[in-house]
>>> print(open('run_21.cif').read())   # mmCIF, C-alpha atoms
data_coords
loop_
_atom_site.group_PDB
_atom_site.id
_atom_site.type_symbol
_atom_site.label_atom_id
_atom_site.label_comp_id
_atom_site.auth_asym_id
_atom_site.auth_seq_id
_atom_site.Cartn_x
_atom_site.Cartn_y
_atom_site.Cartn_z
ATOM 1 C CA MET Y 219 7.073 -28.337 -60.471
ATOM 2 C CA PRO Y 220 4.878 -25.363 -59.484
ATOM 3 C CA GLU Y 221 1.303 -25.149 -60.727
ATOM 4 C CA SER Y 222 2.225 -21.903 -62.492
ATOM 5 C CA ALA Y 223 4.291 -23.940 -64.944
ATOM 6 C CA ALA Y 224 1.058 -24.446 -66.859
ATOM 7 C CA ALA Y 225 0.106 -20.795 -66.690
ATOM 8 C CA PRO Y 226 -2.050 -19.451 -69.542
ATOM 9 C CA SER Y 227 -0.654 -17.030 -72.089
ATOM 10 C CA SER Y 228 -2.425 -14.156 -70.311
ATOM 11 C CA ALA Y 229 -0.234 -14.642 -67.210
ATOM 12 C CA LYS Y 230 2.310 -11.967 -66.413
ATOM 13 C CA ALA Y 231 5.859 -12.314 -67.632
ATOM 14 C CA VAL Y 232 8.313 -13.624 -65.031
ATOM 15 C CA THR Y 233 11.865 -12.646 -65.941
ATOM 16 C CA ALA Y 234 15.356 -13.845 -65.128
ATOM 17 C CA CYS Y 235 19.013 -13.053 -65.686
ATOM 18 C CA VAL Y 236 21.843 -15.586 -65.792
ATOM 19 C CA LEU Y 237 25.328 -14.631 -64.594
ATOM 20 C CA LEU Y 238 28.050 -17.018 -65.717
ATOM 21 C CA ILE Y 239 30.974 -16.394 -63.387
ATOM 22 C CA GLY Y 240 34.489 -17.510 -64.221
ATOM 23 C CA ASP Y 241 37.750 -16.441 -65.809
ATOM 24 C CA GLU Y 242 37.936 -19.855 -67.487
ATOM 25 C CA ILE Y 243 34.882 -19.061 -69.621
ATOM 26 C CA LEU Y 244 36.198 -15.653 -70.654
ATOM 27 C CA SER Y 245 39.592 -17.116 -71.550
ATOM 28 C CA GLY Y 246 38.037 -19.794 -73.747
ATOM 29 C CA ARG Y 247 39.467 -22.604 -71.647
ATOM 30 C CA THR Y 248 35.957 -23.755 -70.688
ATOM 31 C CA ARG Y 249 33.067 -23.792 -73.131
ATOM 32 C CA ASP Y 250 29.821 -22.905 -71.399
ATOM 33 C CA SER Y 251 26.825 -25.202 -71.765
ATOM 34 C CA ASN Y 252 24.920 -23.994 -68.717
ATOM 35 C CA LEU Y 253 23.112 -21.031 -70.261
ATOM 36 C CA ALA Y 254 21.233 -23.062 -72.866
ATOM 37 C CA TYR Y 255 20.168 -25.622 -70.260
ATOM 38 C CA ILE Y 256 19.012 -22.982 -67.775
ATOM 39 C CA ALA Y 257 17.089 -20.978 -70.380
ATOM 40 C CA ALA Y 258 15.294 -24.045 -71.758
ATOM 41 C CA HIS Y 259 14.497 -25.373 -68.278
ATOM 42 C CA LEU Y 260 13.138 -22.049 -67.051
ATOM 43 C CA ASN Y 261 11.052 -21.414 -70.147
ATOM 44 C CA LYS Y 262 9.216 -24.691 -69.545
ATOM 45 C CA ILE Y 263 7.958 -23.359 -66.226
ATOM 46 C CA GLY Y 264 7.179 -19.865 -67.475
ATOM 47 C CA VAL Y 265 10.346 -17.973 -66.501
ATOM 48 C CA GLN Y 266 11.835 -16.006 -69.393
ATOM 49 C CA VAL Y 267 15.593 -15.382 -69.476
ATOM 50 C CA ARG Y 268 15.906 -11.771 -70.633
ATOM 51 C CA GLU Y 269 19.641 -11.277 -70.121
ATOM 52 C CA ALA Y 270 22.839 -13.278 -69.663
ATOM 53 C CA ARG Y 271 26.349 -12.102 -68.841
ATOM 54 C CA VAL Y 272 29.761 -13.718 -68.501
ATOM 55 C CA ILE Y 273 31.762 -11.994 -65.783
ATOM 56 C CA PRO Y 274 35.230 -12.599 -64.284
ATOM 57 C CA ASP Y 275 36.240 -13.821 -60.844
ATOM 58 C CA ILE Y 276 36.577 -10.266 -59.557
ATOM 59 C CA GLU Y 277 34.676 -9.458 -56.385
ATOM 60 C CA GLU Y 278 33.664 -5.904 -57.218
ATOM 61 C CA THR Y 279 32.460 -6.973 -60.659
ATOM 62 C CA ILE Y 280 30.318 -9.752 -59.206
ATOM 63 C CA VAL Y 281 28.901 -7.454 -56.516
ATOM 64 C CA ALA Y 282 27.999 -4.732 -59.014
ATOM 65 C CA ALA Y 283 26.455 -7.138 -61.516
ATOM 66 C CA VAL Y 284 24.384 -8.988 -58.903
ATOM 67 C CA ASN Y 285 23.034 -5.791 -57.376
ATOM 68 C CA GLU Y 286 22.161 -4.395 -60.785
ATOM 69 C CA VAL Y 287 20.306 -7.408 -62.153
ATOM 70 C CA ARG Y 288 18.568 -8.554 -58.961
ATOM 71 C CA ALA Y 289 16.783 -5.196 -58.917
ATOM 72 C CA ARG Y 290 15.783 -5.502 -62.579
ATOM 73 C CA TYR Y 291 14.582 -9.099 -62.867
ATOM 74 C CA ASP Y 292 12.378 -11.438 -60.852
ATOM 75 C CA TYR Y 293 15.131 -14.034 -60.532
ATOM 76 C CA VAL Y 294 18.905 -14.182 -60.916
ATOM 77 C CA PHE Y 295 20.805 -17.440 -61.456
ATOM 78 C CA THR Y 296 24.576 -17.607 -61.119
ATOM 79 C CA THR Y 297 26.938 -20.430 -62.025
ATOM 80 C CA GLY Y 298 30.521 -20.946 -60.961
ATOM 81 C CA GLY Y 299 32.876 -19.933 -58.199
ATOM 82 C CA ILE Y 300 31.529 -21.905 -55.227
ATOM 83 C CA GLY Y 301 34.213 -24.615 -55.051
ATOM 84 C CA PRO Y 302 37.051 -25.172 -52.559
ATOM 85 C CA THR Y 303 39.879 -23.154 -54.127
ATOM 86 C CA HIS Y 304 41.134 -19.632 -53.454
ATOM 87 C CA ASP Y 305 39.576 -18.228 -56.634
ATOM 88 C CA ASP Y 306 36.102 -19.494 -55.732
ATOM 89 C CA ILE Y 307 34.861 -16.146 -54.451
ATOM 90 C CA THR Y 308 31.218 -16.110 -55.509
ATOM 91 C CA ALA Y 309 29.769 -16.804 -52.047
ATOM 92 C CA ASP Y 310 31.789 -13.973 -50.494
ATOM 93 C CA ALA Y 311 30.834 -11.601 -53.296
ATOM 94 C CA ILE Y 312 27.127 -12.439 -52.987
ATOM 95 C CA ALA Y 313 27.294 -11.827 -49.224
ATOM 96 C CA LYS Y 314 28.892 -8.450 -49.904
ATOM 97 C CA ALA Y 315 26.238 -7.610 -52.496
ATOM 98 C CA PHE Y 316 23.517 -8.206 -49.891
ATOM 99 C CA GLY Y 317 25.469 -6.493 -47.121
ATOM 100 C CA VAL Y 318 25.527 -9.547 -44.864
ATOM 101 C CA GLY Y 319 28.184 -11.688 -43.243
ATOM 102 C CA ILE Y 320 29.206 -15.177 -44.293
ATOM 103 C CA GLY Y 321 29.973 -18.237 -42.210
ATOM 104 C CA TYR Y 322 29.812 -21.992 -41.937
ATOM 105 C CA HIS Y 323 26.287 -23.363 -42.241
ATOM 106 C CA PRO Y 324 25.865 -26.207 -39.705
ATOM 107 C CA GLU Y 325 23.722 -28.350 -41.977
ATOM 108 C CA ALA Y 326 26.098 -27.867 -44.915
ATOM 109 C CA VAL Y 327 29.056 -28.826 -42.703
ATOM 110 C CA LYS Y 328 27.299 -32.028 -41.613
ATOM 111 C CA ILE Y 329 26.332 -32.958 -45.179
ATOM 112 C CA LEU Y 330 29.902 -32.582 -46.388
ATOM 113 C CA ASP Y 331 31.410 -34.264 -43.321
ATOM 114 C CA ASP Y 332 29.124 -37.282 -43.771
ATOM 115 C CA HIS Y 333 29.887 -37.351 -47.496
ATOM 116 C CA TYR Y 334 33.657 -37.458 -47.065
ATOM 117 C CA LYS Y 335 33.427 -40.035 -44.292
ATOM 118 C CA ALA Y 336 31.305 -42.229 -46.549
ATOM 119 C CA THR Y 337 33.597 -41.842 -49.553
ATOM 120 C CA GLY Y 338 36.881 -42.065 -47.675
ATOM 121 C CA GLY Y 339 37.913 -38.522 -48.567
ATOM 122 C CA GLU Y 340 39.460 -36.023 -46.208
ATOM 123 C CA PHE Y 341 37.282 -33.116 -45.132
ATOM 124 C CA THR Y 342 40.030 -30.548 -45.514
ATOM 125 C CA LYS Y 343 40.008 -26.876 -44.622
ATOM 126 C CA ALA Y 344 39.739 -26.086 -48.310
ATOM 127 C CA ARG Y 345 36.694 -28.310 -48.685
ATOM 128 C CA MET Y 346 35.174 -26.661 -45.613
ATOM 129 C CA ARG Y 347 34.932 -23.492 -47.725
ATOM 130 C CA MET Y 348 32.063 -25.100 -49.609
ATOM 131 C CA ALA Y 349 29.987 -25.094 -46.396
ATOM 132 C CA ARG Y 350 30.119 -21.288 -46.097
ATOM 133 C CA LEU Y 351 26.857 -19.485 -46.856
ATOM 134 C CA PRO Y 352 25.861 -15.826 -46.565
ATOM 135 C CA GLU Y 353 23.769 -15.011 -43.505
ATOM 136 C CA GLY Y 354 20.091 -15.595 -44.230
ATOM 137 C CA ALA Y 355 20.738 -17.854 -47.216
ATOM 138 C CA THR Y 356 19.008 -21.203 -47.656
ATOM 139 C CA MET Y 357 20.735 -24.213 -49.170
ATOM 140 C CA ILE Y 358 20.125 -25.572 -52.658
ATOM 141 C CA ASP Y 359 20.355 -29.344 -52.543
ATOM 142 C CA ASN Y 360 23.121 -31.092 -54.482
ATOM 143 C CA PRO Y 361 22.404 -34.837 -54.664
ATOM 144 C CA LEU Y 362 25.406 -35.420 -56.918
ATOM 145 C CA SER Y 363 28.521 -34.085 -55.152
ATOM 146 C CA LYS Y 364 26.784 -32.869 -51.952
ATOM 147 C CA ALA Y 365 28.371 -29.374 -51.760
ATOM 148 C CA PRO Y 366 25.277 -27.148 -51.698
ATOM 149 C CA GLY Y 367 24.373 -24.080 -53.651
ATOM 150 C CA PHE Y 368 22.295 -21.415 -51.978
ATOM 151 C CA GLN Y 369 19.495 -18.905 -52.382
ATOM 152 C CA ILE Y 370 19.438 -15.445 -50.897
ATOM 153 C CA GLY Y 371 16.607 -13.118 -51.837
ATOM 154 C CA ASN Y 372 15.842 -13.656 -55.523
ATOM 155 C CA VAL Y 373 19.382 -14.850 -56.302
ATOM 156 C CA PHE Y 374 20.145 -18.550 -56.809
ATOM 157 C CA VAL Y 375 23.821 -19.510 -56.668
ATOM 158 C CA MET Y 376 24.804 -22.758 -58.374
ATOM 159 C CA ALA Y 377 27.915 -24.697 -59.334
ATOM 160 C CA GLY Y 378 29.649 -24.223 -62.665
ATOM 161 C CA VAL Y 379 30.103 -27.935 -63.433
ATOM 162 C CA PRO Y 380 27.174 -28.679 -65.778
ATOM 163 C CA MET Y 381 26.067 -31.982 -64.230
ATOM 164 C CA VAL Y 382 26.074 -30.461 -60.749
ATOM 165 C CA MET Y 383 24.352 -27.275 -61.904
ATOM 166 C CA GLN Y 384 21.599 -29.318 -63.500
ATOM 167 C CA VAL Y 385 20.736 -31.278 -60.349
ATOM 168 C CA MET Y 386 20.801 -28.036 -58.354
ATOM 169 C CA LEU Y 387 18.421 -26.393 -60.814
ATOM 170 C CA ASP Y 388 16.104 -29.385 -60.638
ATOM 171 C CA SER Y 389 16.092 -29.250 -56.845
ATOM 172 C CA LEU Y 390 15.210 -25.539 -56.656
ATOM 173 C CA THR Y 391 12.489 -25.485 -59.316
ATOM 174 C CA ASP Y 392 9.657 -25.832 -56.811
ATOM 175 C CA ARG Y 393 10.695 -22.488 -55.301
ATOM 176 C CA LEU Y 394 9.992 -20.618 -58.534
ATOM 177 C CA GLU Y 395 6.754 -18.968 -59.541
ATOM 178 C CA GLY Y 396 6.317 -19.165 -63.283
ATOM 179 C CA GLY Y 397 4.335 -16.969 -65.598
ATOM 180 C CA ALA Y 398 3.680 -17.014 -69.309
ATOM 181 C CA SER Y 399 5.898 -19.431 -71.230
ATOM 182 C CA MET Y 400 7.557 -18.217 -74.413
ATOM 183 C CA GLN Y 401 6.510 -20.176 -77.502
ATOM 184 C CA SER Y 402 7.834 -20.140 -81.037
ATOM 185 C CA ARG Y 403 6.961 -20.876 -84.653
ATOM 186 C CA THR Y 404 9.357 -21.207 -87.584
ATOM 187 C CA VAL Y 405 8.574 -20.689 -91.278
ATOM 188 C CA THR Y 406 11.311 -21.555 -93.778
ATOM 189 C CA GLY Y 407 11.619 -20.847 -97.477
ATOM 190 C CA GLN Y 408 14.233 -20.776 -100.226
ATOM 191 C CA ILE Y 409 14.359 -17.012 -100.416
ATOM 192 C CA GLY Y 410 16.980 -14.423 -99.520
ATOM 193 C CA GLU Y 411 16.237 -12.442 -96.388
ATOM 194 C CA GLY Y 412 17.009 -9.222 -98.227
ATOM 195 C CA THR Y 413 14.146 -9.953 -100.610
ATOM 196 C CA ILE Y 414 11.526 -9.998 -97.893
ATOM 197 C CA ALA Y 415 13.200 -7.666 -95.377
ATOM 198 C CA GLU Y 416 11.037 -4.596 -96.055
ATOM 199 C CA LYS Y 417 7.711 -6.412 -95.918
ATOM 200 C CA LEU Y 418 8.893 -8.390 -92.904
ATOM 201 C CA GLY Y 419 9.581 -5.081 -91.148
ATOM 202 C CA ASP Y 420 6.043 -3.943 -91.944
ATOM 203 C CA LEU Y 421 4.724 -7.208 -90.525
ATOM 204 C CA GLN Y 422 6.688 -6.682 -87.312
ATOM 205 C CA ALA Y 423 5.278 -3.170 -86.959
ATOM 206 C CA ARG Y 424 1.728 -4.534 -87.209
ATOM 207 C CA HIS Y 425 2.392 -7.237 -84.599
ATOM 208 C CA PRO Y 426 4.611 -5.757 -81.878
ATOM 209 C CA GLU Y 427 3.522 -8.466 -79.422
ATOM 210 C CA VAL Y 428 5.404 -11.074 -81.474
ATOM 211 C CA GLY Y 429 9.166 -11.070 -81.838
ATOM 212 C CA ILE Y 430 10.190 -11.828 -85.428
ATOM 213 C CA GLY Y 431 13.738 -12.892 -86.297
ATOM 214 C CA SER Y 432 15.232 -13.588 -89.727
ATOM 215 C CA TYR Y 433 17.973 -16.247 -90.060
ATOM 216 C CA PRO Y 434 19.601 -17.093 -93.408
ATOM 217 C CA TYR Y 435 20.884 -20.619 -94.031
ATOM 218 C CA TYR Y 436 23.023 -22.365 -96.641
ATOM 219 C CA ARG Y 437 22.826 -26.029 -97.668
ATOM 220 C CA GLY Y 438 25.413 -26.647 -100.356
ATOM 221 C CA LYS Y 439 24.186 -24.694 -103.400
ATOM 222 C CA THR Y 440 20.827 -24.048 -101.776
ATOM 223 C CA PHE Y 441 20.121 -21.053 -99.592
ATOM 224 C CA GLY Y 442 17.082 -19.665 -97.864
ATOM 225 C CA THR Y 443 15.727 -17.951 -94.799
ATOM 226 C CA SER Y 444 14.063 -19.169 -91.617
ATOM 227 C CA ILE Y 445 11.692 -16.724 -89.978
ATOM 228 C CA VAL Y 446 11.382 -17.435 -86.259
ATOM 229 C CA MET Y 447 8.520 -15.910 -84.291
ATOM 230 C CA ARG Y 448 8.399 -15.859 -80.493
ATOM 231 C CA ALA Y 449 5.584 -14.807 -78.149
ATOM 232 C CA THR Y 450 3.582 -16.005 -75.167
ATOM 233 C CA ASP Y 451 0.294 -15.932 -77.109
ATOM 234 C CA SER Y 452 -0.082 -19.021 -79.314
ATOM 235 C CA LYS Y 453 -2.984 -17.531 -81.277
ATOM 236 C CA ALA Y 454 -0.961 -14.445 -82.153
ATOM 237 C CA LEU Y 455 1.914 -16.712 -83.218
ATOM 238 C CA ASP Y 456 -0.337 -18.713 -85.517
ATOM 239 C CA ILE Y 457 -1.653 -15.536 -87.137
ATOM 240 C CA VAL Y 458 1.810 -14.128 -87.773
ATOM 241 C CA ALA Y 459 3.139 -17.474 -89.001
ATOM 242 C CA GLY Y 460 0.309 -17.568 -91.505
ATOM 243 C CA GLU Y 461 1.135 -14.049 -92.684
ATOM 244 C CA VAL Y 462 4.826 -14.925 -93.069
ATOM 245 C CA ALA Y 463 3.886 -17.965 -95.153
ATOM 246 C CA ALA Y 464 1.610 -15.815 -97.314
ATOM 247 C CA LEU Y 465 4.408 -13.280 -97.715
ATOM 248 C CA MET Y 466 6.752 -15.941 -99.059
ATOM 249 C CA ARG Y 467 4.102 -17.113 -101.509
ATOM 250 C CA GLU Y 468 3.831 -13.550 -102.826
ATOM 251 C CA PHE Y 469 7.417 -13.985 -103.987
ATOM 252 C CA GLY Y 470 6.710 -17.354 -105.583
ATOM 253 C CA VAL Y 471 8.278 -19.403 -102.791
ATOM 254 C CA GLU Y 472 6.450 -22.288 -101.133
ATOM 255 C CA PRO Y 473 7.069 -22.071 -97.359
ATOM 256 C CA ALA Y 474 7.631 -24.956 -94.977
ATOM 257 C CA MET Y 475 6.850 -25.011 -91.283
ATOM 258 C CA GLY Y 476 9.896 -25.686 -89.124
ATOM 259 C CA ASP Y 477 13.634 -25.497 -89.603
ATOM 260 C CA PRO Y 478 15.270 -26.183 -92.992
ATOM 261 C CA ALA Y 479 15.688 -29.845 -93.850
#
>>> encode(input="run_21.cif", output="structure tokens")
Amino acid sequence: MPESAAAPSSAKAVTACVLLIGDEILSGRTRDSNLAYIAAHLNKIGVQVREARVIPDIEETIVAAVNEVRARYDYVFTTGGIGPTHDDITADAIAKAFGVGIGYHPEAVKILDDHYKATGGEFTKARMRMARLPEGATMIDNPLSKAPGFQIGNVFVMAGVPMVMQVMLDSLTDRLEGGASMQSRTVTGQIGEGTIAEKLGDLQARHPEVGIGSYPYYRGKTFGTSIVMRATDSKALDIVAGEVAALMREFGVEPAMGDPA
């Protein structure tokens, strides 16, 4: 893990976008679990996910989305569409986005050839597709199923299968330069969010450096509101959390730190 993973709160923000590629996600056939894992993993090393999109297996859509977000964020992470079938078009689309060719990567070919020899599988023409990388790309190691992901520029292309994506993300982490990690505090009370909404808005205006979110909850006949604060500055978070707690007490409600029990 890079030294910047322990960066102080004064470090600059390092931002990322996640592109989840696949018709199966948009159709509801596959339920995505990759975004939550990626966001949590990156936040630990000081990379803040600022945007996520689910896009179809359409080349022009992938090209346009990649070119848009790679110019806007420090890093882009994609999942899906790098398997052996005809609809796995992510590698070709990424090559087109960067304006480069695509071909068989000798090291990737050897890794897959050795893998199928060792496992008794046939290294078919379809499976050979997984050894194709855009020109100038570097491989992302895949200790699990061997078919590599790749990095080109600030774009990291990973598998859609969660277990495979996770080992790929682990293997590329040392390439990332982190910044300030996002932290959070939660204050919960048995109070309706509409009751404190106006004063909560005033509190947000006084502390623009801290993001304040209001989330109602229901537990049988009991209801209340959790106020979640997010920022890179722990001292600012503690101050705002204290003010939120004091605000609840103004309304006769005793606050609790953390999520509702």
>>> resolve_selection(input="run_21.cif", expression="the PyMOL selection byres ((chain Y and resi 276) around 12)", output="PDB file with C-alpha atoms, keeping the file's coordinate frame")
ATOM      1  CA  ILE Y 239      30.974 -16.394 -63.387  1.00  0.00           C
ATOM      2  CA  GLY Y 240      34.489 -17.510 -64.221  1.00  0.00           C
ATOM      3  CA  ASP Y 241      37.750 -16.441 -65.809  1.00  0.00           C
ATOM      4  CA  VAL Y 272      29.761 -13.718 -68.501  1.00  0.00           C
ATOM      5  CA  ILE Y 273      31.762 -11.994 -65.783  1.00  0.00           C
ATOM      6  CA  PRO Y 274      35.230 -12.599 -64.284  1.00  0.00           C
ATOM      7  CA  ASP Y 275      36.240 -13.821 -60.844  1.00  0.00           C
ATOM      8  CA  GLU Y 277      34.676  -9.458 -56.385  1.00  0.00           C
ATOM      9  CA  GLU Y 278      33.664  -5.904 -57.218  1.00  0.00           C
ATOM     10  CA  THR Y 279      32.460  -6.973 -60.659  1.00  0.00           C
ATOM     11  CA  ILE Y 280      30.318  -9.752 -59.206  1.00  0.00           C
ATOM     12  CA  VAL Y 281      28.901  -7.454 -56.516  1.00  0.00           C
ATOM     13  CA  ALA Y 282      27.999  -4.732 -59.014  1.00  0.00           C
ATOM     14  CA  ALA Y 283      26.455  -7.138 -61.516  1.00  0.00           C
ATOM     15  CA  GLY Y 299      32.876 -19.933 -58.199  1.00  0.00           C
ATOM     16  CA  ASP Y 305      39.576 -18.228 -56.634  1.00  0.00           C
ATOM     17  CA  ASP Y 306      36.102 -19.494 -55.732  1.00  0.00           C
ATOM     18  CA  ILE Y 307      34.861 -16.146 -54.451  1.00  0.00           C
ATOM     19  CA  THR Y 308      31.218 -16.110 -55.509  1.00  0.00           C
ATOM     20  CA  ASP Y 310      31.789 -13.973 -50.494  1.00  0.00           C
ATOM     21  CA  ALA Y 311      30.834 -11.601 -53.296  1.00  0.00           C
ATOM     22  CA  ILE Y 312      27.127 -12.439 -52.987  1.00  0.00           C
TER      23      ILE Y 312
END
>>> resolve_selection(input="run_21.cif", expression="the PyMOL selection byres ((chain Y and resi 366) around 10)", output="MDAnalysis selection string")
chainID Y and resid 300:301 325:327 329:330 348:351 356:365 367:368 375:377 382 386
>>> resolve_selection(input="run_21.cif", expression="the PyMOL selection byres ((chain Y and resi 460) around 12)", output="PDB file with C-alpha atoms, in the frame of the given file")
ATOM      1  CA  ARG Y 403       6.961 -20.876 -84.653  1.00  0.00           C
ATOM      2  CA  THR Y 404       9.357 -21.207 -87.584  1.00  0.00           C
ATOM      3  CA  VAL Y 405       8.574 -20.689 -91.278  1.00  0.00           C
ATOM      4  CA  THR Y 406      11.311 -21.555 -93.778  1.00  0.00           C
ATOM      5  CA  LEU Y 421       4.724  -7.208 -90.525  1.00  0.00           C
ATOM      6  CA  ILE Y 445      11.692 -16.724 -89.978  1.00  0.00           C
ATOM      7  CA  MET Y 447       8.520 -15.910 -84.291  1.00  0.00           C
ATOM      8  CA  LYS Y 453      -2.984 -17.531 -81.277  1.00  0.00           C
ATOM      9  CA  ALA Y 454      -0.961 -14.445 -82.153  1.00  0.00           C
ATOM     10  CA  LEU Y 455       1.914 -16.712 -83.218  1.00  0.00           C
ATOM     11  CA  ASP Y 456      -0.337 -18.713 -85.517  1.00  0.00           C
ATOM     12  CA  ILE Y 457      -1.653 -15.536 -87.137  1.00  0.00           C
ATOM     13  CA  VAL Y 458       1.810 -14.128 -87.773  1.00  0.00           C
ATOM     14  CA  ALA Y 459       3.139 -17.474 -89.001  1.00  0.00           C
ATOM     15  CA  GLU Y 461       1.135 -14.049 -92.684  1.00  0.00           C
ATOM     16  CA  VAL Y 462       4.826 -14.925 -93.069  1.00  0.00           C
ATOM     17  CA  ALA Y 463       3.886 -17.965 -95.153  1.00  0.00           C
ATOM     18  CA  ALA Y 464       1.610 -15.815 -97.314  1.00  0.00           C
ATOM     19  CA  LEU Y 465       4.408 -13.280 -97.715  1.00  0.00           C
ATOM     20  CA  MET Y 466       6.752 -15.941 -99.059  1.00  0.00           C
ATOM     21  CA  ARG Y 467       4.102 -17.113-101.509  1.00  0.00           C
ATOM     22  CA  PRO Y 473       7.069 -22.071 -97.359  1.00  0.00           C
ATOM     23  CA  ALA Y 474       7.631 -24.956 -94.977  1.00  0.00           C
ATOM     24  CA  MET Y 475       6.850 -25.011 -91.283  1.00  0.00           C
TER      25      MET Y 475
END
>>> closest_residue(input="run_21.cif", among="Y:Ile370, Y:Ala479, Y:Ala336, Y:Met346", to="Y:Phe295", atoms="only C-alpha atoms")
Y:Ile370
>>> closest_atom_pairs(input="run_21.cif", of="stretch 234-326 of chain Y", to="stretch 391-402 of chain Y", cutoff="12 Å", atoms="all atoms listed in the file", output="tab-separated table")
residue	atom	partner	partner_atom	distance
Y:Ala234	CA	Y:Gly396	CA	10.6
Y:Ile256	CA	Y:Thr391	CA	11.0
Y:Ala257	CA	Y:Met400	CA	10.7
Y:Ala258	CA	Y:Met400	CA	10.0
Y:His259	CA	Y:Thr391	CA	9.2
Y:Leu260	CA	Y:Gly396	CA	8.3
Y:Asn261	CA	Y:Ser399	CA	5.6
Y:Lys262	CA	Y:Ser399	CA	6.4
Y:Ile263	CA	Y:Gly396	CA	5.4
Y:Gly264	CA	Y:Ser399	CA	4.0
Y:Val265	CA	Y:Gly396	CA	5.3
Y:Gln266	CA	Y:Met400	CA	7.0
Y:Val267	CA	Y:Met400	CA	9.8
Y:Arg268	CA	Y:Met400	CA	11.2
Y:Asp292	CA	Y:Glu395	CA	9.5
Y:Tyr293	CA	Y:Leu394	CA	8.6
Y:Val294	CA	Y:Leu394	CA	11.2
Y:Phe295	CA	Y:Leu394	CA	11.6
>>> write_last_selection(input="run_21.cif", atoms="C-alpha atoms", output="short mmCIF file (atom, residue, chain, number, x, y, z; two decimals), in the frame of the given file")
data_model
loop_
_atom_site.label_atom_id
_atom_site.label_comp_id
_atom_site.auth_asym_id
_atom_site.auth_seq_id
_atom_site.Cartn_x
_atom_site.Cartn_y
_atom_site.Cartn_z
CA ALA Y 234 15.36 -13.84 -65.13
CA ILE Y 256 19.01 -22.98 -67.78
CA ALA Y 257 17.09 -20.98 -70.38
CA ALA Y 258 15.29 -24.04 -71.76
CA HIS Y 259 14.50 -25.37 -68.28
CA LEU Y 260 13.14 -22.05 -67.05
CA ASN Y 261 11.05 -21.41 -70.15
CA LYS Y 262 9.22 -24.69 -69.54
CA ILE Y 263 7.96 -23.36 -66.23
CA GLY Y 264 7.18 -19.86 -67.47
CA VAL Y 265 10.35 -17.97 -66.50
CA GLN Y 266 11.84 -16.01 -69.39
CA VAL Y 267 15.59 -15.38 -69.48
CA ARG Y 268 15.91 -11.77 -70.63
CA ASP Y 292 12.38 -11.44 -60.85
CA TYR Y 293 15.13 -14.03 -60.53
CA VAL Y 294 18.90 -14.18 -60.92
CA PHE Y 295 20.80 -17.44 -61.46
#
>>> atom_distance(input="run_21.cif", atom1="atom CA of Y:Ala355", atom2="atom CA of Y:Gln369")
5.4 Å
>>> atom_distance(input="run_21.cif", atom1="atom CA of Y:Tyr291", atom2="atom CA of Y:Gly354")
20.5 Å
>>> atom_distance(input="run_21.cif", atom1="atom CA of Y:Ala309", atom2="atom CA of Y:Gly338")
26.6 Å
